[in-house]
$ cat protein-v2.cif   # mmCIF, C-alpha atoms (C1' of nucleotides)
data_protein
#
loop_
_atom_site.label_atom_id
_atom_site.label_comp_id
_atom_site.auth_asym_id
_atom_site.auth_seq_id
_atom_site.Cartn_x
_atom_site.Cartn_y
_atom_site.Cartn_z
CA MET U 13 31.68 6.85 0.38
CA PRO U 14 32.00 8.02 4.01
CA ALA U 15 29.38 6.69 6.37
CA ALA U 16 27.41 9.46 8.03
CA SER U 17 28.70 9.65 11.59
CA ASP U 18 25.83 10.11 13.97
CA CYS U 19 26.74 13.14 16.01
CA THR U 20 23.41 14.18 17.46
CA GLN U 21 24.66 15.59 20.75
CA MET U 22 24.36 19.30 21.22
CA LEU U 23 27.80 20.77 21.67
CA ASP U 24 26.52 23.89 23.36
CA SER U 25 23.24 25.67 23.86
CA GLU U 26 23.97 28.03 20.98
CA THR U 27 24.03 25.23 18.46
CA LYS U 28 20.38 24.49 18.94
CA ALA U 29 19.22 27.85 17.66
CA VAL U 30 21.40 27.75 14.57
CA GLU U 31 19.05 25.44 12.65
CA THR U 32 21.75 22.89 11.98
CA PRO U 33 20.27 20.67 9.29
CA GLU U 34 20.96 17.34 10.94
CA ASP U 35 21.78 14.29 8.95
CA HIS U 36 19.11 11.61 9.01
CA ALA U 37 20.10 9.78 5.87
CA GLU U 38 20.36 6.49 7.75
CA GLU U 39 16.79 6.61 8.99
CA LEU U 40 15.63 7.56 5.53
CA ARG U 41 17.42 4.58 4.03
CA LEU U 42 15.94 2.34 6.68
CA TRP U 43 12.45 3.57 5.86
CA LEU U 44 12.96 2.98 2.14
CA ARG U 45 14.22 -0.51 2.80
CA LEU U 46 11.29 -1.28 5.06
CA LEU U 47 8.95 -0.05 2.35
CA THR U 48 10.72 -2.11 -0.30
CA CYS U 49 10.42 -5.29 1.72
CA THR U 50 6.74 -4.77 2.38
CA THR U 51 5.94 -3.82 -1.21
CA LEU U 52 7.85 -6.82 -2.51
CA ILE U 53 6.13 -9.31 -0.25
CA GLU U 54 2.73 -7.70 -0.58
CA GLY U 55 2.94 -7.77 -4.36
CA GLU U 56 3.95 -11.40 -4.31
CA VAL U 57 1.08 -12.36 -2.01
CA ARG U 58 -1.37 -10.31 -4.05
CA GLY U 59 -0.34 -12.07 -7.24
CA ARG U 60 -0.52 -15.54 -5.74
CA LEU U 61 -3.96 -14.89 -4.24
CA ARG U 62 -5.23 -13.73 -7.58
CA GLN U 63 -3.70 -16.55 -9.59
CA ARG U 64 -4.53 -19.33 -7.19
CA PHE U 65 -7.89 -18.21 -5.79
CA ASP U 66 -8.98 -15.25 -7.90
CA VAL U 67 -9.34 -13.13 -4.78
CA THR U 68 -7.94 -9.70 -3.97
CA LEU U 69 -5.64 -9.00 -1.05
CA PRO U 70 -8.00 -6.57 0.71
CA ARG U 71 -10.80 -9.14 0.57
CA PHE U 72 -8.45 -11.76 2.02
CA ASP U 73 -7.32 -9.40 4.75
CA LEU U 74 -10.86 -8.58 5.72
CA MET U 75 -11.80 -12.24 5.89
CA ALA U 76 -8.71 -12.89 7.98
CA GLN U 77 -9.91 -10.38 10.56
CA LEU U 78 -13.35 -11.96 10.68
CA ASP U 79 -11.99 -15.48 10.96
CA LYS U 80 -10.48 -14.48 14.30
CA ALA U 81 -13.83 -13.14 15.51
CA PRO U 82 -16.50 -15.87 15.43
CA ASP U 83 -19.04 -13.52 16.96
CA GLY U 84 -18.48 -10.92 14.29
CA MET U 85 -17.08 -7.42 14.32
CA THR U 86 -18.42 -3.95 13.75
CA LEU U 87 -17.29 -2.01 10.71
CA SER U 88 -15.38 0.37 12.97
CA ASP U 89 -13.48 -2.48 14.56
CA VAL U 90 -12.53 -3.81 11.16
CA SER U 91 -11.51 -0.38 9.98
CA LYS U 92 -9.24 0.13 13.00
CA ARG U 93 -7.71 -3.32 12.78
CA MET U 94 -7.02 -3.08 9.08
CA MET U 95 -5.84 0.51 9.44
CA VAL U 96 -7.94 1.71 6.53
CA SER U 97 -10.65 4.37 6.27
CA ASN U 98 -14.25 3.71 7.19
CA GLY U 99 -15.53 4.33 3.71
CA ASN U 100 -13.12 1.79 2.37
CA VAL U 101 -14.57 -0.92 4.59
CA THR U 102 -18.12 -0.05 3.53
CA GLY U 103 -17.38 -0.86 -0.09
CA LEU U 104 -15.29 -3.92 0.65
CA VAL U 105 -18.03 -5.38 2.82
CA GLU U 106 -20.66 -4.56 0.21
CA ARG U 107 -18.86 -6.69 -2.36
CA LEU U 108 -18.20 -9.56 0.03
CA VAL U 109 -21.83 -9.67 1.13
CA GLU U 110 -22.82 -9.65 -2.54
CA SER U 111 -20.56 -12.63 -3.25
CA GLY U 112 -21.96 -14.55 -0.30
CA HIS U 113 -18.83 -14.54 1.86
CA LEU U 114 -20.13 -12.20 4.53
CA ASP U 115 -23.24 -11.78 6.55
CA ARG U 116 -24.23 -8.36 7.81
CA ARG U 117 -26.86 -7.26 10.29
CA THR U 118 -27.71 -4.22 12.34
CA SER U 119 -26.97 -4.54 16.03
CA ASP U 120 -30.01 -5.10 18.26
CA THR U 121 -28.75 -2.81 20.97
CA ASP U 122 -27.39 0.04 18.85
CA ARG U 123 -28.95 0.82 15.54
CA ARG U 124 -25.88 2.71 14.36
CA VAL U 125 -23.77 -0.43 14.40
CA GLN U 126 -23.42 -3.01 11.66
CA VAL U 127 -22.09 -6.41 12.70
CA ILE U 128 -20.47 -8.57 10.05
CA ARG U 129 -19.47 -12.24 10.14
CA LEU U 130 -18.11 -14.81 7.75
CA THR U 131 -20.76 -17.04 6.25
CA LYS U 132 -20.17 -20.79 6.15
CA LEU U 133 -18.98 -20.38 2.58
CA GLY U 134 -16.77 -17.45 3.52
CA ARG U 135 -15.17 -19.33 6.37
CA ALA U 136 -14.54 -22.45 4.30
CA GLU U 137 -12.97 -20.50 1.46
CA PHE U 138 -10.86 -18.45 3.81
CA ARG U 139 -9.49 -21.48 5.63
CA ARG U 140 -8.54 -23.07 2.35
CA MET U 141 -6.70 -19.92 1.25
CA ALA U 142 -5.12 -19.27 4.62
CA ALA U 143 -3.35 -22.62 4.67
CA GLU U 144 -1.58 -21.91 1.40
CA HIS U 145 -1.01 -18.31 2.34
CA GLU U 146 0.89 -19.35 5.45
CA ALA U 147 3.13 -21.56 3.36
CA TRP U 148 3.84 -18.71 0.96
CA ILE U 149 4.86 -16.45 3.82
CA ALA U 150 7.09 -19.15 5.25
CA ASP U 151 8.76 -19.49 1.87
CA LEU U 152 9.19 -15.75 1.44
CA PHE U 153 10.98 -15.57 4.80
CA ALA U 154 12.73 -18.90 4.36
CA ASP U 155 16.29 -17.58 4.51
CA LEU U 156 15.83 -15.99 7.92
CA SER U 157 17.00 -18.07 10.85
CA PRO U 158 14.73 -18.45 13.87
CA LYS U 159 17.03 -16.02 15.61
CA ASP U 160 16.68 -13.51 12.77
CA VAL U 161 12.92 -13.80 13.03
CA ARG U 162 12.96 -13.15 16.77
CA GLU U 163 15.31 -10.22 16.38
CA LEU U 164 13.24 -8.68 13.60
CA MET U 165 10.10 -9.06 15.70
CA ARG U 166 11.78 -7.25 18.54
CA LEU U 167 13.10 -4.40 16.42
CA LEU U 168 9.82 -3.96 14.57
CA ALA U 169 7.96 -3.83 17.87
CA LYS U 170 10.29 -1.03 18.88
CA THR U 171 9.76 0.67 15.52
CA LYS U 172 6.00 0.45 15.85
CA ALA U 173 6.10 1.96 19.33
CA SER U 174 8.38 4.76 18.15
CA ALA U 175 6.16 5.58 15.20
CA GLN U 176 3.01 5.54 17.30
CA LYS U 177 4.61 7.89 19.77
CA SER U 178 5.60 10.24 16.98
CA ALA U 179 2.14 10.09 15.43
CA GLY U 180 0.67 10.86 18.84
CA ARG U 181 2.97 13.85 19.27
CA ARG U 182 1.68 15.29 16.01
CA ARG U 183 -1.98 14.83 16.78
CA ALA U 184 -1.53 16.42 20.19
CA MET I 30 2.41 -20.47 25.38
CA PRO I 31 5.15 -22.72 23.98
CA ALA I 32 7.34 -21.09 21.36
CA ALA I 33 7.19 -22.97 18.08
CA SER I 34 10.48 -24.82 17.79
CA ASP I 35 11.66 -24.67 14.25
CA CYS I 36 12.38 -28.21 13.23
CA THR I 37 12.53 -27.95 9.49
CA GLN I 38 15.07 -30.65 8.83
CA MET I 39 13.76 -33.81 7.22
CA LEU I 40 14.27 -36.68 9.60
CA ASP I 41 13.96 -39.27 6.90
CA SER I 42 12.76 -39.42 3.33
CA GLU I 43 9.38 -40.78 4.40
CA THR I 44 8.52 -37.67 6.35
CA LYS I 45 8.40 -35.57 3.25
CA ALA I 46 5.50 -37.48 1.72
CA VAL I 47 3.35 -37.36 4.84
CA GLU I 48 2.19 -33.76 4.27
CA THR I 49 3.00 -32.68 7.80
CA PRO I 50 1.31 -29.30 8.13
CA GLU I 51 4.29 -27.41 9.49
CA ASP I 52 3.89 -24.55 11.86
CA HIS I 53 4.83 -21.18 10.45
CA ALA I 54 2.93 -18.99 12.83
CA GLU I 55 6.07 -17.07 13.74
CA GLU I 56 6.76 -16.04 10.17
CA LEU I 57 3.14 -15.05 9.76
CA ARG I 58 3.30 -12.88 12.84
CA LEU I 59 6.51 -11.32 11.58
CA TRP I 60 4.87 -10.49 8.26
CA LEU I 61 1.89 -8.90 9.94
CA ARG I 62 4.13 -6.81 12.13
CA LEU I 63 6.18 -5.70 9.16
CA LEU I 64 2.99 -4.72 7.40
CA THR I 65 1.71 -2.86 10.44
CA CYS I 66 4.88 -0.81 10.75
CA THR I 67 4.87 0.13 7.10
CA THR I 68 1.17 0.99 7.04
CA LEU I 69 1.52 3.08 10.16
CA ILE I 70 4.46 5.10 8.89
CA GLU I 71 3.12 5.37 5.38
CA GLY I 72 -0.20 6.69 6.65
CA GLU I 73 1.55 9.22 8.81
CA VAL I 74 3.72 10.46 5.97
CA ARG I 75 0.74 10.57 3.62
CA GLY I 76 -1.22 12.72 6.05
CA ARG I 77 1.64 15.11 6.71
CA LEU I 78 2.35 15.56 3.00
CA ARG I 79 -1.27 16.36 2.39
CA GLN I 80 -1.65 18.73 5.33
CA ARG I 81 1.65 20.51 4.89
CA PHE I 82 2.04 20.58 1.11
CA ASP I 83 -1.25 19.37 -0.34
CA VAL I 84 0.56 16.68 -2.28
CA THR I 85 -0.10 12.95 -2.46
CA LEU I 86 2.43 10.31 -1.46
CA PRO I 87 2.69 8.73 -4.93
CA ARG I 88 3.43 12.12 -6.47
CA PHE I 89 6.10 12.73 -3.85
CA ASP I 90 7.63 9.31 -4.44
CA LEU I 91 7.78 9.83 -8.16
CA MET I 92 9.44 13.20 -7.74
CA ALA I 93 11.92 11.62 -5.33
CA GLN I 94 12.98 9.15 -7.99
CA LEU I 95 13.47 11.91 -10.54
CA ASP I 96 15.39 14.11 -8.14
CA LYS I 97 18.08 11.44 -8.07
CA ALA I 98 18.25 11.38 -11.88
CA PRO I 99 19.10 14.81 -13.25
CA ASP I 100 19.20 13.45 -16.80
CA GLY I 101 15.71 12.01 -16.47
CA MET I 102 14.34 8.50 -16.48
CA THR I 103 12.15 6.46 -18.75
CA LEU I 104 8.69 5.47 -17.60
CA SER I 105 9.84 1.85 -17.38
CA ASP I 106 12.71 2.76 -15.11
CA VAL I 107 10.37 4.68 -12.85
CA SER I 108 7.89 1.84 -12.83
CA LYS I 109 10.59 -0.67 -11.82
CA ARG I 110 12.08 1.58 -9.16
CA MET I 111 8.73 2.39 -7.62
CA MET I 112 7.59 -1.20 -7.95
CA VAL I 113 4.25 -0.22 -9.43
CA SER I 114 2.58 -1.11 -12.70
CA ASN I 115 3.32 0.69 -15.95
CA GLY I 116 -0.19 1.97 -16.34
CA ASN I 117 0.01 3.49 -12.92
CA VAL I 118 3.03 5.57 -13.87
CA THR I 119 1.35 6.78 -17.04
CA GLY I 120 -1.46 8.41 -15.10
CA LEU I 121 0.76 9.75 -12.36
CA VAL I 122 3.07 11.39 -14.89
CA GLU I 123 0.12 12.81 -16.80
CA ARG I 124 -1.07 14.68 -13.73
CA LEU I 125 2.41 15.90 -12.77
CA VAL I 126 3.09 17.20 -16.28
CA GLU I 127 -0.29 18.91 -16.17
CA SER I 128 0.62 20.64 -12.89
CA GLY I 129 3.96 21.79 -14.28
CA HIS I 130 6.18 19.64 -12.09
CA LEU I 131 7.41 17.30 -14.81
CA ASP I 132 8.75 17.62 -18.28
CA ARG I 133 8.24 14.77 -20.73
CA ARG I 134 9.71 14.13 -24.15
CA THR I 135 10.11 11.25 -26.54
CA SER I 136 13.60 9.83 -26.80
CA ASP I 137 15.55 10.81 -29.93
CA THR I 138 17.05 7.37 -30.34
CA ASP I 139 14.04 5.20 -29.57
CA ARG I 140 10.62 6.50 -30.33
CA ARG I 141 8.98 4.05 -27.95
CA VAL I 142 10.64 5.67 -24.97
CA GLN I 143 9.36 8.62 -22.97
CA VAL I 144 11.94 10.46 -20.87
CA ILE I 145 10.70 12.49 -17.92
CA ARG I 146 12.50 15.04 -15.74
CA LEU I 147 11.64 17.43 -12.96
CA THR I 148 11.01 20.96 -14.13
CA LYS I 149 12.63 23.81 -12.24
CA LEU I 150 9.38 24.24 -10.33
CA GLY I 151 9.16 20.52 -9.66
CA ARG I 152 12.68 20.33 -8.33
CA ALA I 153 12.27 23.37 -6.12
CA GLU I 154 9.04 22.10 -4.63
CA PHE I 155 10.42 18.63 -4.12
CA ARG I 156 13.54 19.89 -2.31
CA ARG I 157 11.37 21.94 -0.02
CA MET I 158 9.21 18.95 0.81
CA ALA I 159 12.09 16.50 1.07
CA ALA I 160 13.79 18.46 3.83
CA GLU I 161 10.73 18.26 6.05
CA HIS I 162 10.04 14.71 5.02
CA GLU I 163 13.45 13.62 6.23
CA ALA I 164 12.80 15.22 9.60
CA TRP I 165 9.47 13.39 9.88
CA ILE I 166 11.12 10.07 9.18
CA ALA I 167 13.82 10.80 11.74
CA ASP I 168 11.12 11.55 14.28
CA LEU I 169 9.13 8.44 13.46
CA PHE I 170 12.22 6.31 14.06
CA ALA I 171 13.48 8.44 16.93
CA ASP I 172 13.37 5.73 19.59
CA LEU I 173 15.67 3.40 17.68
CA SER I 174 19.33 3.57 18.65
CA PRO I 175 21.96 3.80 15.91
CA LYS I 176 22.68 0.16 16.62
CA ASP I 177 19.01 -0.74 16.21
CA VAL I 178 18.98 1.05 12.88
CA ARG I 179 22.03 -0.82 11.64
CA GLU I 180 20.63 -4.14 12.81
CA LEU I 181 17.27 -3.50 11.18
CA MET I 182 18.98 -2.55 7.96
CA ARG I 183 20.90 -5.80 8.02
CA LEU I 184 17.88 -7.97 8.76
CA LEU I 185 15.72 -6.24 6.18
CA ALA I 186 18.42 -6.71 3.57
CA LYS I 187 18.32 -10.39 4.36
CA THR I 188 14.53 -10.37 4.21
CA LYS I 189 14.54 -8.65 0.85
CA ALA I 190 16.98 -11.17 -0.54
CA SER I 191 14.93 -14.06 0.80
CA ALA I 192 11.70 -12.71 -0.66
CA GLN I 193 13.29 -12.03 -4.02
CA LYS I 194 14.62 -15.57 -4.12
CA SER I 195 11.19 -16.95 -3.30
CA ALA I 196 9.54 -14.75 -5.92
CA GLY I 197 12.09 -15.95 -8.44
CA ARG I 198 11.40 -19.58 -7.57
CA ARG I 199 7.73 -19.04 -8.35
CA ARG I 200 8.25 -17.30 -11.66
CA ALA I 201 10.64 -20.01 -12.79
"C1'" DT D 16 -35.70 16.87 29.53
"C1'" DG D 17 -33.56 18.68 25.75
"C1'" DG D 18 -29.85 20.08 23.17
"C1'" DA D 19 -24.89 19.49 22.34
"C1'" DA D 20 -21.35 16.34 21.68
"C1'" DA D 21 -19.82 11.95 20.33
"C1'" DC D 22 -20.16 7.98 17.57
"C1'" DA D 23 -20.99 4.58 13.49
"C1'" DT D 24 -21.65 4.41 9.04
"C1'" DT D 25 -22.39 5.99 4.28
"C1'" DT D 26 -21.76 9.09 0.58
"C1'" DT D 27 -19.02 11.90 -2.46
"C1'" DA D 28 -15.33 13.31 -5.32
"C1'" DG D 29 -11.08 12.45 -6.74
"C1'" DG D 30 -7.08 9.93 -7.18
"C1'" DC D 31 -4.40 5.49 -7.00
"C1'" DT D 32 -3.63 0.71 -8.48
"C1'" DT D 33 -3.63 -3.50 -10.87
"C1'" DA D 34 -3.90 -7.05 -14.59
"C1'" DA D 35 -4.59 -7.72 -19.08
"C1'" DA D 36 -5.13 -6.35 -23.68
"C1'" DA D 37 -3.86 -3.27 -27.34
"C1'" DC D 38 -0.64 -0.59 -29.80
"C1'" DA D 39 3.74 0.96 -31.52
"C1'" DA D 40 8.69 0.63 -32.28
"C1'" DT D 41 12.84 -2.01 -32.20
"C1'" DT D 42 15.61 -6.07 -32.24
"C1'" DT D 43 16.60 -10.77 -33.44
"C1'" DC D 44 17.54 -14.25 -36.39
"C1'" DG D 45 16.22 -17.69 -40.08
"C1'" DC E 23 15.38 -8.96 -46.03
"C1'" DG E 24 11.31 -9.92 -43.39
"C1'" DA E 25 8.62 -12.39 -39.96
"C1'" DA E 26 8.60 -13.22 -35.05
"C1'" DA E 27 9.78 -12.02 -30.62
"C1'" DT E 28 10.73 -8.38 -27.51
"C1'" DT E 29 10.30 -3.99 -25.44
"C1'" DG E 30 8.02 0.51 -23.92
"C1'" DT E 31 3.90 2.69 -23.31
"C1'" DT E 32 -1.07 3.43 -23.17
"C1'" DT E 33 -5.69 1.94 -22.65
"C1'" DT E 34 -9.39 -0.47 -20.36
"C1'" DA E 35 -12.20 -2.29 -16.78
"C1'" DA E 36 -12.62 -3.02 -12.27
"C1'" DG E 37 -11.61 -2.40 -7.76
"C1'" DC E 38 -9.15 -0.03 -3.87
"C1'" DC E 39 -8.40 4.05 -0.99
"C1'" DT E 40 -8.62 8.48 1.22
"C1'" DA E 41 -10.42 12.82 3.23
"C1'" DA E 42 -14.24 15.29 4.11
"C1'" DA E 43 -19.04 16.05 4.35
"C1'" DA E 44 -23.53 14.15 5.30
"C1'" DT E 45 -26.79 11.17 7.84
"C1'" DG E 46 -28.68 8.82 11.49
"C1'" DT E 47 -28.21 7.28 16.43
"C1'" DT E 48 -26.85 7.37 21.08
"C1'" DT E 49 -24.83 9.47 25.14
"C1'" DC E 50 -23.84 13.16 28.19
"C1'" DC E 51 -24.99 16.54 31.23
"C1'" DA E 52 -26.70 21.22 32.40
#
$ encode --input "protein-v2.cif" --output "structure tokens"
Amino acid sequence: MPAASDCTQMLDSETKAVETPEDHAEELRLWLRLLTCTTLIEGEVRGRLRQRFDVTLPRFDLMAQLDKAPDGMTLSDVSKRMMVSNGNVTGLVERLVESGHLDRRTSDTDRRVQVIRLTKLGRAEFRRMAAEHEAWIADLFADLSPKDVRELMRLLAKTKASAQKSAGRRRA
Amino acid sequence: MPAASDCTQMLDSETKAVETPEDHAEELRLWLRLLTCTTLIEGEVRGRLRQRFDVTLPRFDLMAQLDKAPDGMTLSDVSKRMMVSNGNVTGLVERLVESGHLDRRTSDTDRRVQVIRLTKLGRAEFRRMAAEHEAWIADLFADLSPKDVRELMRLLAKTKASAQKSAGRRRA
DNA sequence: TGGAAACATTTTAGGCTTAAAACAATTTCG
DNA sequence: CGAAATTGTTTTAAGCCTAAAATGTTTCCA
């Protein structure tokens, strides 16, 4: 199978207009591989959280955000950080308040804003889960050398920047 | 901030028993970055598919699997390839048969098995979407050099293998 | 000052997703 | 052969998720 040679340079100004369907199979394969890795790891983490702590991944993720913010966060902040819709956060928070993991109150200075925090129970449970969670992640990435890890970090940072730029271009 | 030096070797047999809480912050950060990239790109693709073709990402993904299999696939095959649960595929297929994009029949040789294919309509619509989709992906990854792409592919292959090994260890 | 714009959140409607249990058909093997 | 295990799919119950519309609040500025 011949590797797709990446000849993206325009040979002359005419070429541009001719709607040459360029070959981007490599990028497509990269995207699918990225997705596979994430899905694989996410599924594994989801299963372990359920088995070991009977907690869902979204609940864990939300608690993780709050653990980093002792003074609490607004729902909007959470929504942006977790990269999920506002309505999604509303329901998630509802259930976590119900189960006693979260505390929620209306801001004194702005009555539109809801501030949420971990309760003592929520924080204790999260810390307990987080310790094991970190070990799971370490194990899942165990075959990567420190150099691999650094290199992946670098390339993913570049990927993130590229994707954000592209997303920005579209919204513009 | 001192980089965490990765000293995973056991210095002596005693060390193992002492429950040293090892530092795996780097791997954790790597996982979060991986997740961020995927979520970012996935969200972008989801939005474009909806806006441009009024189709959901899962529907598109399922059609993509079938486009590669002219003779059809069983629901199990699809479920494994897409890395989603069986029940999920059942519902997805139901809706795509309903909308005329998929054809479904029971296997002649094994009455447990359902074989699904793209209909003519389904294939035509998918091809139309796939062409644009590939361009979107290319744009999202546009700032990566060909070398970056190759290197990412390599490192993600290694990551996938590592995660699969770890998942296997757990199931064992 | 008063209305328009912006903002934070919730609601709505529909679809996606999972884990586990149930069901049906086939294969295995005593 | 026939019971037990396996395999493929569907069902169930619950929760997750999104986009878009609705609601309430604050800010901006003419």
$ closest_atom_pairs --input "protein-v2.cif" --of "segment 38-62 of chain U" --to "segment 66-83 of chain U" --cutoff "6 Å" --atoms "all atoms listed in the file" --output "JSON lines"
{"residue": "U:Arg58", "atom": "CA", "partner": "U:Leu69", "partner_atom": "CA", "distance": 5.4}
{"residue": "U:Leu61", "atom": "CA", "partner": "U:Val67", "partner_atom": "CA", "distance": 5.7}
{"residue": "U:Arg62", "atom": "CA", "partner": "U:Asp66", "partner_atom": "CA", "distance": 4.1}
$ resolve_selection --input "protein-v2.cif" --expression "the PyMOL selection byres ((chain D) within 9 of (chain U))" --output "PDB file with C-alpha atoms (C1' of nucleotides), in the coordinates of the input"
ATOM      1  C1'  DC D  22     -20.160   7.980  17.570  1.00  0.00           C
ATOM      2  C1'  DA D  23     -20.990   4.580  13.490  1.00  0.00           C
ATOM      3  C1'  DT D  24     -21.650   4.410   9.040  1.00  0.00           C
ATOM      4  C1'  DT D  25     -22.390   5.990   4.280  1.00  0.00           C
ATOM      5  C1'  DT D  26     -21.760   9.090   0.580  1.00  0.00           C
TER       6       DT D  26
END
$ resolve_selection --input "protein-v2.cif" --expression "the PyMOL selection byres ((chain I) within 8 of (chain U))" --output "ChimeraX atom specification"
/I:35,53-57,59-60,62-70,73,112,163-164,166-173,175,177-178,181-182,184-189,191-196
$ closest_atom_pairs --input "protein-v2.cif" --of "chain E" --to "chain U" --cutoff "8 Å" --atoms "all atoms listed in the file" --output "Markdown table"
| residue | atom | partner | partner_atom | distance |
| --- | --- | --- | --- | --- |
| E:DC38 | C1' | U:Asn100 | CA | 7.6 |
| E:DC39 | C1' | U:Asn100 | CA | 6.2 |
| E:DT40 | C1' | U:Ser97 | CA | 6.8 |
| E:DG46 | C1' | U:Arg124 | CA | 7.3 |
| E:DT47 | C1' | U:Arg124 | CA | 5.5 |
| E:DT48 | C1' | U:Asp122 | CA | 7.7 |
$ closest_residue --input "protein-v2.cif" --among "I:Lys176, I:Arg152, I:Lys109, I:Arg146" --to "Asp132 of chain I" --atoms "only C-alpha atoms"
I:Arg146
$ residues_around --input "protein-v2.cif" --residues "DA36 of chain E" --least-positions-apart "6" --cutoff "12 Å" --atoms "only C-alpha atoms (C1' of nucleotides)" --output "list of chain:residue names"
U:Thr68, D:DT32, D:DT33, D:DA34, D:DA35
$ resolve_selection --input "protein-v2.cif" --expression "the PyMOL selection byres ((chain D and resi 40) around 12)" --output "number ranges by chain"
I: 136, 138-142; D: 38-39, 41-42; E: 28-31
$ atom_distance --input "protein-v2.cif" --atom1 "atom C1' of DT34 of chain E" --atom2 "atom CA of Val105 of chain U"
25.2 Å
$ atom_distance --input "protein-v2.cif" --atom1 "atom CA of Ala153 of chain I" --atom2 "atom CA of Leu125 of chain I"
14.0 Å
$ atom_distance --input "protein-v2.cif" --atom1 "atom CA of Leu131 of chain I" --atom2 "atom C1' of DA41 of chain E"
25.8 Å
$ build_atoms --input "protein-v2.cif" --residues "segment 136-154 of chain I" --atoms "N, CA and C atoms" --output "PDB file, keeping the file's coordinate frame"
ATOM      1  N   SER I 136      12.173  10.028 -26.564  1.00  0.00           N
ATOM      2  CA  SER I 136      13.600   9.830 -26.800  1.00  0.00           C
ATOM      3  C   SER I 136      13.945  10.010 -28.275  1.00  0.00           C
ATOM      4  N   ASP I 137      15.127  10.590 -28.546  1.00  0.00           N
ATOM      5  CA  ASP I 137      15.550  10.810 -29.930  1.00  0.00           C
ATOM      6  C   ASP I 137      15.945   9.496 -30.589  1.00  0.00           C
ATOM      7  N   THR I 138      16.481   8.596 -29.770  1.00  0.00           N
ATOM      8  CA  THR I 138      17.050   7.370 -30.340  1.00  0.00           C
ATOM      9  C   THR I 138      16.078   6.205 -30.385  1.00  0.00           C
ATOM     10  N   ASP I 139      15.003   6.310 -29.602  1.00  0.00           N
ATOM     11  CA  ASP I 139      14.040   5.200 -29.570  1.00  0.00           C
ATOM     12  C   ASP I 139      12.657   5.779 -29.350  1.00  0.00           C
ATOM     13  N   ARG I 140      11.898   5.795 -30.391  1.00  0.00           N
ATOM     14  CA  ARG I 140      10.620   6.500 -30.330  1.00  0.00           C
ATOM     15  C   ARG I 140       9.570   5.824 -29.445  1.00  0.00           C
ATOM     16  N   ARG I 141       9.920   4.643 -28.887  1.00  0.00           N
ATOM     17  CA  ARG I 141       8.980   4.050 -27.950  1.00  0.00           C
ATOM     18  C   ARG I 141       9.080   4.727 -26.579  1.00  0.00           C
ATOM     19  N   VAL I 142      10.269   5.250 -26.330  1.00  0.00           N
ATOM     20  CA  VAL I 142      10.640   5.670 -24.970  1.00  0.00           C
ATOM     21  C   VAL I 142      10.244   7.111 -24.656  1.00  0.00           C
ATOM     22  N   GLN I 143       9.668   7.295 -23.487  1.00  0.00           N
ATOM     23  CA  GLN I 143       9.360   8.620 -22.970  1.00  0.00           C
ATOM     24  C   GLN I 143      10.340   8.938 -21.843  1.00  0.00           C
ATOM     25  N   VAL I 144      11.031  10.065 -21.942  1.00  0.00           N
ATOM     26  CA  VAL I 144      11.940  10.460 -20.870  1.00  0.00           C
ATOM     27  C   VAL I 144      11.301  11.594 -20.069  1.00  0.00           C
ATOM     28  N   ILE I 145      11.277  11.432 -18.755  1.00  0.00           N
ATOM     29  CA  ILE I 145      10.700  12.490 -17.920  1.00  0.00           C
ATOM     30  C   ILE I 145      11.751  13.044 -16.960  1.00  0.00           C
ATOM     31  N   ARG I 146      11.598  14.310 -16.657  1.00  0.00           N
ATOM     32  CA  ARG I 146      12.500  15.040 -15.740  1.00  0.00           C
ATOM     33  C   ARG I 146      11.652  15.928 -14.855  1.00  0.00           C
ATOM     34  N   LEU I 147      12.266  16.372 -13.754  1.00  0.00           N
ATOM     35  CA  LEU I 147      11.640  17.430 -12.960  1.00  0.00           C
ATOM     36  C   LEU I 147      11.836  18.757 -13.674  1.00  0.00           C
ATOM     37  N   THR I 148      10.825  19.584 -13.667  1.00  0.00           N
ATOM     38  CA  THR I 148      11.010  20.960 -14.130  1.00  0.00           C
ATOM     39  C   THR I 148      11.683  21.752 -13.005  1.00  0.00           C
ATOM     40  N   LYS I 149      12.029  22.974 -13.275  1.00  0.00           N
ATOM     41  CA  LYS I 149      12.630  23.810 -12.240  1.00  0.00           C
ATOM     42  C   LYS I 149      11.678  23.921 -11.052  1.00  0.00           C
ATOM     43  N   LEU I 150      10.399  24.177 -11.371  1.00  0.00           N
ATOM     44  CA  LEU I 150       9.380  24.240 -10.330  1.00  0.00           C
ATOM     45  C   LEU I 150       9.304  22.922  -9.549  1.00  0.00           C
ATOM     46  N   GLY I 151       9.269  21.831 -10.296  1.00  0.00           N
ATOM     47  CA  GLY I 151       9.160  20.520  -9.660  1.00  0.00           C
ATOM     48  C   GLY I 151      10.308  20.255  -8.714  1.00  0.00           C
ATOM     49  N   ARG I 152      11.511  20.577  -9.165  1.00  0.00           N
ATOM     50  CA  ARG I 152      12.680  20.330  -8.330  1.00  0.00           C
ATOM     51  C   ARG I 152      12.651  21.194  -7.074  1.00  0.00           C
ATOM     52  N   ALA I 153      12.317  22.443  -7.257  1.00  0.00           N
ATOM     53  CA  ALA I 153      12.270  23.370  -6.120  1.00  0.00           C
ATOM     54  C   ALA I 153      11.247  22.893  -5.087  1.00  0.00           C
ATOM     55  N   GLU I 154      10.073  22.551  -5.566  1.00  0.00           N
ATOM     56  CA  GLU I 154       9.040  22.100  -4.630  1.00  0.00           C
ATOM     57  C   GLU I 154       9.445  20.799  -3.950  1.00  0.00           C
TER      58      GLU I 154
END
